[in-house]
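Student: Below is the file run-v3.cif, which contains mmCIF, C-alpha atoms.
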data_work
loop_
_atom_site.label_atom_id
_atom_site.label_comp_id
_atom_site.auth_asym_id
_atom_site.auth_seq_id
_atom_site.Cartn_x
_atom_site.Cartn_y
_atom_site.Cartn_z
CA MET A 1 -7.74 -20.96 -20.49
CA ASN A 2 -6.77 -20.21 -16.87
CA THR A 3 -5.39 -16.84 -17.92
CA LEU A 4 -8.63 -16.02 -19.74
CA LYS A 5 -10.67 -16.98 -16.68
CA GLU A 6 -8.43 -14.82 -14.49
CA ILE A 7 -8.85 -11.81 -16.76
CA LEU A 8 -12.63 -12.35 -16.92
CA LYS A 9 -12.76 -12.58 -13.12
CA TRP A 10 -10.94 -9.26 -12.74
CA LEU A 11 -13.16 -7.57 -15.34
CA VAL A 12 -16.34 -8.71 -13.60
CA GLY A 13 -14.87 -7.62 -10.27
CA PHE A 14 -13.96 -4.24 -11.79
CA PHE A 15 -17.54 -3.35 -12.74
CA ILE A 16 -19.08 -4.80 -9.58
CA LEU A 17 -16.66 -2.94 -7.32
CA SER A 18 -17.03 0.27 -9.33
CA LEU A 19 -20.75 0.24 -8.48
CA VAL A 20 -20.03 -0.64 -4.84
CA PHE A 21 -17.45 2.16 -4.56
CA PHE A 22 -19.86 4.63 -6.16
CA ILE A 23 -22.59 3.80 -3.65
CA LEU A 24 -20.26 3.77 -0.62
CA VAL A 25 -18.78 7.15 -1.50
CA ARG A 26 -22.27 8.63 -1.74
CA MET A 27 -22.97 7.29 1.77
CA ILE A 28 -20.21 9.40 3.33
CA PRO A 29 -21.85 11.91 5.71
CA GLY A 30 -22.13 15.36 4.17
CA ASN A 31 -21.94 16.36 0.53
CA PRO A 32 -19.58 18.39 -1.67
CA VAL A 33 -22.14 21.15 -2.28
CA ASP A 34 -22.36 22.06 1.41
CA ARG A 35 -18.58 21.88 1.71
CA LEU A 36 -18.07 24.25 -1.21
CA LEU A 37 -20.67 26.70 0.09
CA ASP A 38 -18.88 26.75 3.44
CA CYS A 39 -15.48 27.04 1.77
CA TYR A 40 -16.49 30.06 -0.33
CA GLN A 41 -18.68 31.49 2.45
CA LEU A 42 -21.76 31.54 0.25
CA PRO A 43 -25.29 31.46 1.62
CA ARG A 44 -27.03 28.09 1.44
CA THR A 45 -29.86 29.29 -0.79
CA GLU A 46 -31.88 27.08 -3.13
CA ALA A 47 -30.42 28.90 -6.14
CA ASN A 48 -26.80 28.34 -5.03
CA VAL A 49 -27.42 24.70 -4.17
CA ALA A 50 -29.21 24.05 -7.46
CA PHE A 51 -26.46 25.78 -9.44
CA LEU A 52 -23.67 23.74 -7.87
CA LYS A 53 -25.56 20.46 -8.20
CA LYS A 54 -26.18 21.13 -11.88
CA SER A 55 -22.55 22.17 -12.43
CA PHE A 56 -21.29 18.87 -11.00
CA GLY A 57 -24.04 16.69 -12.45
CA LEU A 58 -25.34 15.85 -8.98
CA ASP A 59 -28.91 16.79 -9.94
CA LYS A 60 -29.23 13.67 -12.11
CA PRO A 61 -30.46 10.26 -10.84
CA LEU A 62 -27.73 8.14 -9.18
CA LEU A 63 -27.85 5.49 -11.89
CA GLU A 64 -27.32 8.16 -14.55
CA GLN A 65 -24.43 9.62 -12.54
CA TYR A 66 -22.82 6.18 -12.28
CA ARG A 67 -23.25 5.42 -15.98
CA TYR A 68 -21.69 8.76 -16.94
CA TRP A 69 -18.76 8.32 -14.53
CA ILE A 70 -17.83 4.71 -15.36
CA SER A 71 -18.20 5.19 -19.12
CA HIS A 72 -15.81 8.15 -19.00
CA PHE A 73 -13.45 6.42 -16.54
CA VAL A 74 -12.75 3.49 -18.86
CA GLN A 75 -11.98 6.01 -21.62
CA GLY A 76 -9.38 7.74 -19.45
CA ASP A 77 -11.50 10.69 -18.35
CA TRP A 78 -11.67 10.47 -14.55
CA GLY A 79 -13.52 13.74 -14.14
CA ARG A 80 -12.48 16.91 -12.38
CA SER A 81 -12.06 17.82 -8.74
CA TYR A 82 -15.03 19.66 -7.27
CA VAL A 83 -12.70 21.85 -5.23
CA THR A 84 -9.80 22.70 -7.55
CA GLY A 85 -11.41 22.01 -10.94
CA ARG A 86 -8.31 20.10 -12.05
CA GLU A 87 -8.33 16.73 -13.79
CA VAL A 88 -8.44 13.89 -11.27
CA ARG A 89 -6.17 11.58 -13.25
CA ALA A 90 -3.52 14.28 -13.65
CA GLU A 91 -3.66 15.08 -9.93
CA LEU A 92 -3.32 11.43 -8.89
CA PHE A 93 -0.55 10.64 -11.37
CA LYS A 94 1.39 13.74 -10.33
CA ARG A 95 1.49 12.50 -6.73
CA MET A 96 1.94 8.82 -7.59
CA PRO A 97 5.78 8.73 -7.88
CA LEU A 98 6.20 9.98 -4.31
CA SER A 99 3.80 7.43 -2.82
CA LEU A 100 5.34 4.65 -4.90
CA SER A 101 8.83 5.63 -3.78
CA ILE A 102 7.82 5.44 -0.13
CA GLY A 103 5.59 2.37 -0.42
CA LEU A 104 7.57 0.23 -2.87
CA GLY A 105 10.92 1.26 -1.41
CA GLY A 106 9.78 0.48 2.13
CA VAL A 107 8.12 -2.84 1.29
CA CYS A 108 11.07 -4.04 -0.82
CA LEU A 109 13.59 -3.08 1.86
CA GLY A 110 11.42 -4.65 4.54
CA GLY A 111 11.04 -7.85 2.52
CA VAL A 112 14.80 -8.20 2.05
CA LEU A 113 15.44 -7.58 5.75
CA ALA A 114 12.70 -10.04 6.75
CA PHE A 115 14.21 -12.69 4.46
CA PHE A 116 17.71 -12.47 5.96
CA LEU A 117 16.55 -11.98 9.55
CA GLY A 118 14.31 -15.02 9.23
CA TYR A 119 17.22 -16.97 7.74
CA LEU A 120 19.57 -15.99 10.57
CA ALA A 121 16.93 -16.81 13.19
CA ALA A 122 16.34 -20.26 11.66
CA CYS A 123 20.06 -21.07 11.54
CA ARG A 124 20.34 -20.87 15.31
CA PRO A 125 16.99 -21.24 17.12
CA ARG A 126 16.96 -19.53 20.53
CA GLY A 127 20.06 -17.64 19.49
CA PHE A 128 20.56 -13.85 19.29
CA TRP A 129 18.80 -13.35 15.94
CA ASP A 130 15.91 -15.56 16.96
CA LYS A 131 15.35 -13.45 20.08
CA PHE A 132 15.85 -10.24 18.11
CA THR A 133 13.20 -11.13 15.52
CA ARG A 134 10.77 -12.08 18.29
CA PHE A 135 11.36 -8.72 19.99
CA LEU A 136 11.02 -6.84 16.68
CA THR A 137 7.70 -8.52 15.86
CA VAL A 138 6.25 -7.78 19.29
CA PHE A 139 7.57 -4.21 19.17
CA VAL A 140 6.07 -3.46 15.75
CA GLN A 141 2.71 -4.94 16.72
CA SER A 142 2.65 -3.12 20.07
CA VAL A 143 3.85 0.38 19.15
CA PRO A 144 1.78 2.27 16.54
CA THR A 145 3.80 3.65 13.64
CA PHE A 146 2.61 7.21 14.15
CA MET A 147 3.76 7.22 17.80
CA LEU A 148 7.21 5.94 16.85
CA ALA A 149 7.48 8.46 14.01
CA VAL A 150 6.48 11.37 16.24
CA PHE A 151 9.07 10.25 18.81
CA VAL A 152 11.83 10.08 16.18
CA ILE A 153 10.90 13.51 14.80
CA TYR A 154 10.98 14.90 18.35
CA LEU A 155 14.43 13.45 19.03
CA LEU A 156 15.95 14.57 15.72
CA SER A 157 14.38 18.03 15.42
CA VAL A 158 13.48 19.16 18.94
CA LYS A 159 15.40 17.32 21.65
CA TYR A 160 18.86 17.11 20.09
CA GLN A 161 18.29 19.35 17.03
CA ILE A 162 20.41 17.09 14.84
CA VAL A 163 18.46 17.92 11.70
CA LYS A 164 15.27 19.75 10.80
CA VAL A 165 13.13 16.98 9.39
CA TYR A 166 10.42 19.14 7.84
CA SER A 167 12.87 21.42 6.05
CA ASN A 168 14.68 18.48 4.42
CA TYR A 169 12.38 16.96 1.78
CA TYR A 170 14.55 13.96 0.88
CA LEU A 171 15.24 13.13 4.52
CA SER A 172 11.48 13.07 5.14
CA ILE A 173 11.02 10.63 2.25
CA PHE A 174 13.85 8.43 3.54
CA LEU A 175 12.48 8.33 7.09
CA ALA A 176 8.96 7.60 5.83
CA MET A 177 10.33 4.71 3.76
CA LEU A 178 12.21 3.36 6.78
CA PHE A 179 9.03 3.27 8.87
CA VAL A 180 7.22 1.34 6.14
CA ALA A 181 10.20 -1.05 5.97
CA LEU A 182 10.20 -1.48 9.75
CA GLN A 183 6.53 -2.43 9.77
CA THR A 184 7.02 -4.90 6.92
CA THR A 185 10.09 -6.47 8.50
CA GLY A 186 8.42 -6.89 11.86
CA ASP A 187 5.38 -8.56 10.31
CA LEU A 188 7.29 -10.98 8.06
CA CYS A 189 10.58 -11.91 9.74
CA ARG A 190 9.03 -14.55 12.03
CA LEU A 191 7.07 -15.94 9.11
CA MET A 192 10.30 -16.34 7.14
CA ARG A 193 11.90 -18.00 10.16
CA SER A 194 9.10 -20.58 10.17
CA HIS A 195 9.55 -21.26 6.45
CA PHE A 196 13.30 -21.71 6.81
CA LEU A 197 12.76 -24.07 9.76
CA GLU A 198 10.40 -26.15 7.61
CA ILE A 199 13.01 -26.26 4.85
CA LYS A 200 15.59 -27.23 7.48
CA LYS A 201 13.53 -30.35 8.31
CA THR A 202 13.37 -31.62 4.73
CA PRO A 203 15.16 -34.97 4.10
CA TYR A 204 17.65 -33.46 1.65
CA ILE A 205 18.83 -30.83 4.15
CA TYR A 206 18.84 -33.33 7.02
CA PHE A 207 21.00 -35.91 5.24
CA SER A 208 23.29 -33.21 3.87
CA ARG A 209 23.89 -32.02 7.42
CA CYS A 210 24.63 -35.61 8.46
CA ARG A 211 27.27 -35.72 5.75
CA GLY A 212 29.01 -32.72 7.31
CA PHE A 213 27.65 -29.78 5.31
CA ARG A 214 27.01 -26.59 7.26
CA THR A 215 23.37 -25.69 7.93
CA GLU A 216 23.90 -22.02 7.07
CA GLY A 217 25.22 -22.78 3.59
CA LEU A 218 22.58 -25.42 2.87
CA LEU A 219 19.69 -23.15 3.83
CA LEU A 220 20.98 -20.25 1.77
CA ARG A 221 21.91 -22.37 -1.26
CA ASP A 222 19.03 -24.84 -1.44
CA GLY A 223 16.37 -23.12 0.64
CA ALA A 224 16.53 -19.62 -0.81
CA ARG A 225 14.23 -20.29 -3.76
CA PRO A 226 11.33 -21.91 -1.86
CA ALA A 227 11.75 -19.27 0.85
CA CYS A 228 11.50 -16.55 -1.82
CA ILE A 229 8.27 -18.10 -3.08
CA ALA A 230 6.87 -18.02 0.45
CA LEU A 231 8.01 -14.41 0.89
CA LEU A 232 6.46 -13.28 -2.40
CA SER A 233 3.19 -15.05 -1.57
CA SER A 234 3.09 -13.27 1.80
CA ILE A 235 4.19 -9.85 0.62
CA VAL A 236 1.89 -9.55 -2.40
CA SER A 237 -0.89 -8.00 -0.31
CA ARG A 238 1.51 -5.31 0.89
CA PHE A 239 2.46 -4.41 -2.65
CA SER A 240 -1.24 -3.98 -3.35
CA TRP A 241 -1.58 -1.13 -0.83
CA VAL A 242 1.70 0.72 -1.43
CA ILE A 243 -0.36 3.41 -3.17
CA GLY A 244 -2.45 4.90 -0.40
CA GLY A 245 -1.26 2.61 2.38
CA THR A 246 1.36 5.12 3.44
CA SER A 247 -1.16 7.68 4.69
CA VAL A 248 0.23 7.77 8.24
CA VAL A 249 3.82 8.57 7.28
CA GLU A 250 2.80 10.94 4.49
CA PHE A 251 0.63 12.87 6.93
CA LEU A 252 3.27 12.94 9.68
CA PHE A 253 6.10 14.04 7.38
CA ALA A 254 3.82 16.41 5.39
CA LEU A 255 4.63 14.68 2.09
CA PRO A 256 2.28 15.55 -0.80
CA GLY A 257 1.62 11.99 -1.91
CA VAL A 258 -1.56 10.23 -2.97
CA SER A 259 -2.49 9.27 0.59
CA LEU A 260 -2.40 12.83 1.91
CA PHE A 261 -4.31 13.96 -1.18
CA LEU A 262 -6.98 11.34 -0.45
CA ILE A 263 -7.34 12.52 3.16
CA GLN A 264 -7.90 16.08 1.96
CA SER A 265 -10.35 14.95 -0.72
CA THR A 266 -12.33 12.86 1.76
CA ALA A 267 -12.64 15.86 4.07
CA ALA A 268 -13.94 17.91 1.12
CA LYS A 269 -16.31 15.08 0.01
CA ASP A 270 -14.77 15.26 -3.47
CA TYR A 271 -16.62 12.28 -4.98
CA ASN A 272 -14.71 12.10 -8.26
CA ILE A 273 -11.33 11.83 -6.56
CA ILE A 274 -12.40 9.24 -3.98
CA GLN A 275 -14.19 7.03 -6.53
CA SER A 276 -11.36 7.19 -9.04
CA TYR A 277 -8.76 6.50 -6.37
CA LEU A 278 -10.57 3.38 -5.11
CA LEU A 279 -11.01 2.02 -8.62
CA PHE A 280 -7.41 2.76 -9.52
CA ILE A 281 -6.29 0.82 -6.44
CA PHE A 282 -8.30 -2.14 -7.71
CA LEU A 283 -6.52 -1.93 -11.09
CA TRP A 284 -3.17 -1.64 -9.31
CA MET A 285 -3.96 -4.76 -7.26
CA ALA A 286 -4.81 -6.65 -10.44
CA LEU A 287 -1.47 -5.64 -11.97
CA VAL A 288 0.44 -6.59 -8.80
CA HIS A 289 -1.18 -10.03 -8.65
CA LEU A 290 -0.45 -10.60 -12.34
CA ILE A 291 3.23 -9.72 -11.92
CA PHE A 292 3.71 -11.73 -8.73
CA ASN A 293 1.89 -14.77 -10.08
CA GLY A 294 4.25 -14.68 -13.06
CA ILE A 295 7.33 -14.42 -10.83
CA ILE A 296 6.14 -17.25 -8.57
CA TYR A 297 5.37 -19.37 -11.63
CA LEU A 298 8.92 -18.86 -12.92
CA LEU A 299 10.43 -19.69 -9.52
CA LYS A 300 8.37 -22.85 -9.23
CA GLY A 301 9.39 -23.80 -12.74
CA GLY A 302 13.01 -23.45 -11.64
CA LEU A 303 12.42 -25.97 -8.89
CA ARG A 304 11.57 -28.74 -11.35
#
Would you kindly transcribe this structure into structure tokens?

Tutor:
Amino acid sequence: MNTLKEILKWLVGFFILSLVFFILVRMIPGNPVDRLLDCYQLPRTEANVAFLKKSFGLDKPLLEQYRYWISHFVQGDWGRSYVTGREVRAELFKRMPLSLSIGLGGVCLGGVLAFFLGYLAACRPRGFWDKFTRFLTVFVQSVPTFMLAVFVIYLLSVKYQIVKVYSNYYLSIFLAMLFVALQTTGDLCRLMRSHFLEIKKTPYIYFSRCRGFRTEGLLLRDGARPACIALLSSIVSRFSWVIGGTSVVEFLFALPGVSLFLIQSTAAKDYNIIQSYLLFIFLWMALVHLIFNGIIYLLKGGLR
């Protein structure tokens, strides 16, 4: 019954948000017709404007445009780009593996690092790792990612000329993933430290320490599972934005992922791409929550 309610909730949210996205996209200043006329250097005559609006179905009432778009979207037809004329779904799916590699790879690496850094910081409060995680958190929150990335590119490619970042595609992907991992680690390592410290205070751990067992072994052996549950609960939101949340690093490293594609589409006021992207992100979030809820359920079941 709970699963059915969850599915129903996501379905209702899907159609409500699809209408909200449709309206919000139409509220973006400018319109695709003017952009295309400027792009092709065509005069802004009534005939040209009317022709383009009719070609894209923009001459119909908004409710009719929404009904046509959502009915085709659920059937797998996400429309075509106003600018390139290519299928939106094909364009997004072609760029998806790159964005997923950067986003998922960075978040997973950052989560693992946050887990172990938080564990090390909790083992010895006010020790080296405790101070290091505090510094890392403050550093990540104080220095914008794009500034740090530009500085690294400058050092590697300009100052010391160790490697040409923009001419090495796989190096660019690796560096972009590292910056995503750094942001994730900095945001979560202190949170994991707090969870491990709470586990450290539990009666079982306390009395085991009194009996001579080492804190490090106890935390890693008996505290890993509840700490993993806490990590998964905290990191689920980051997995929701791995598609499109990497726009800064994709732009800086000139990687043709979904995020860079969205920036270009927004500049061109390409309604079909923006609407479909936003709705796809909602579906991705639903899938992520479903998977993580299942994993957390299994981990909690293992605690009993």

Student: Run the PyMOL selection byres ((chain A and resi 261-274) around 10) on the file and write out the hits as an NGL selection string.

Tutor: :A and (21-22 or 25-26 or 28-36 or 39 or 56 or 69 or 78-84 or 87-89 or 91-92 or 95 or 244 or 247 or 250-251 or 255-260 or 275-280)

Student: Applied to this file, what does the PyMOL selection byres ((chain A and resi 118) around 9) return in terms of residues, put as a list in words?

Tutor: Leu113, Ala114, Phe115, Phe116, Leu117, Tyr119, Leu120, Ala121, Ala122, Cys123, Trp129, Asp130, Thr133, Leu188, Cys189, Arg190, Leu191, Met192, Arg193, Ser194, His195 and Phe196 of chain A

Student: Please evaluate the PyMOL selection byres ((chain A and resi 290) around 12) against the structure above and give the resulting residues as a PyMOL selection string.

Tutor: chain A and resi 3+6-7+10+236+239-240+283-289+291-297

Student: CA of Leu218 (chain A) to CA of Leu182 (chain A): how many Å, to one decimal?

Tutor: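 Spanning CA of Leu218 (chain A) to CA of Leu182 (chain A) is a straight-line distance of 27.8 Å.
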
Student: Mind giving me the straight-line distance from CA of Phe14 (chain A) to CA of Ser99 (chain A) in Å, one decimal?

Tutor: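 Between CA of Phe14 (chain A) and CA of Ser99 (chain A) the gap is 23.1 Å.
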
Student: Which is closer to Ala227 (chain A) than all the others in A:Val150, A:Val248, A:Val143, A:Val112, using all atoms listed in the file?

Tutor: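 Closest candidate: A:Val112.
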
Student: Give as number ranges by chain every residue, naming chains and numbers as the document does, that has an atom within 10 Å of (14.3, -19.7, -1.0), counting all atoms listed in the file.

Tutor: A: 115, 119, 192, 195-196, 199, 219-231, 299

Student: Give me, as a PyMOL selection string, all polymer residues having an atom no more than 12 Å from Val140 (chain A), counting only C-alpha atoms and skipping those fewer than 5 positions away in the same chain.

Tutor: chain A and resi 133-135+145-148+179-189

Student: One decimal, Å: what's the distance from CA of Leu155 (chain A) over to CA of Arg238 (chain A), could you say?

Tutor: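 Taking CA of Leu155 (chain A) and CA of Arg238 (chain A), their separation equals 29.1 Å.
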
Student: May I ask which of the residues A:Ile16, A:Lys200, A:Thr246, A:Leu104 is the closest one to Pro125 (chain A), counting all atoms listed in the file?

Tutor: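 Using all atoms listed in the file, Pro125 (chain A) sits closest to A:Lys200.
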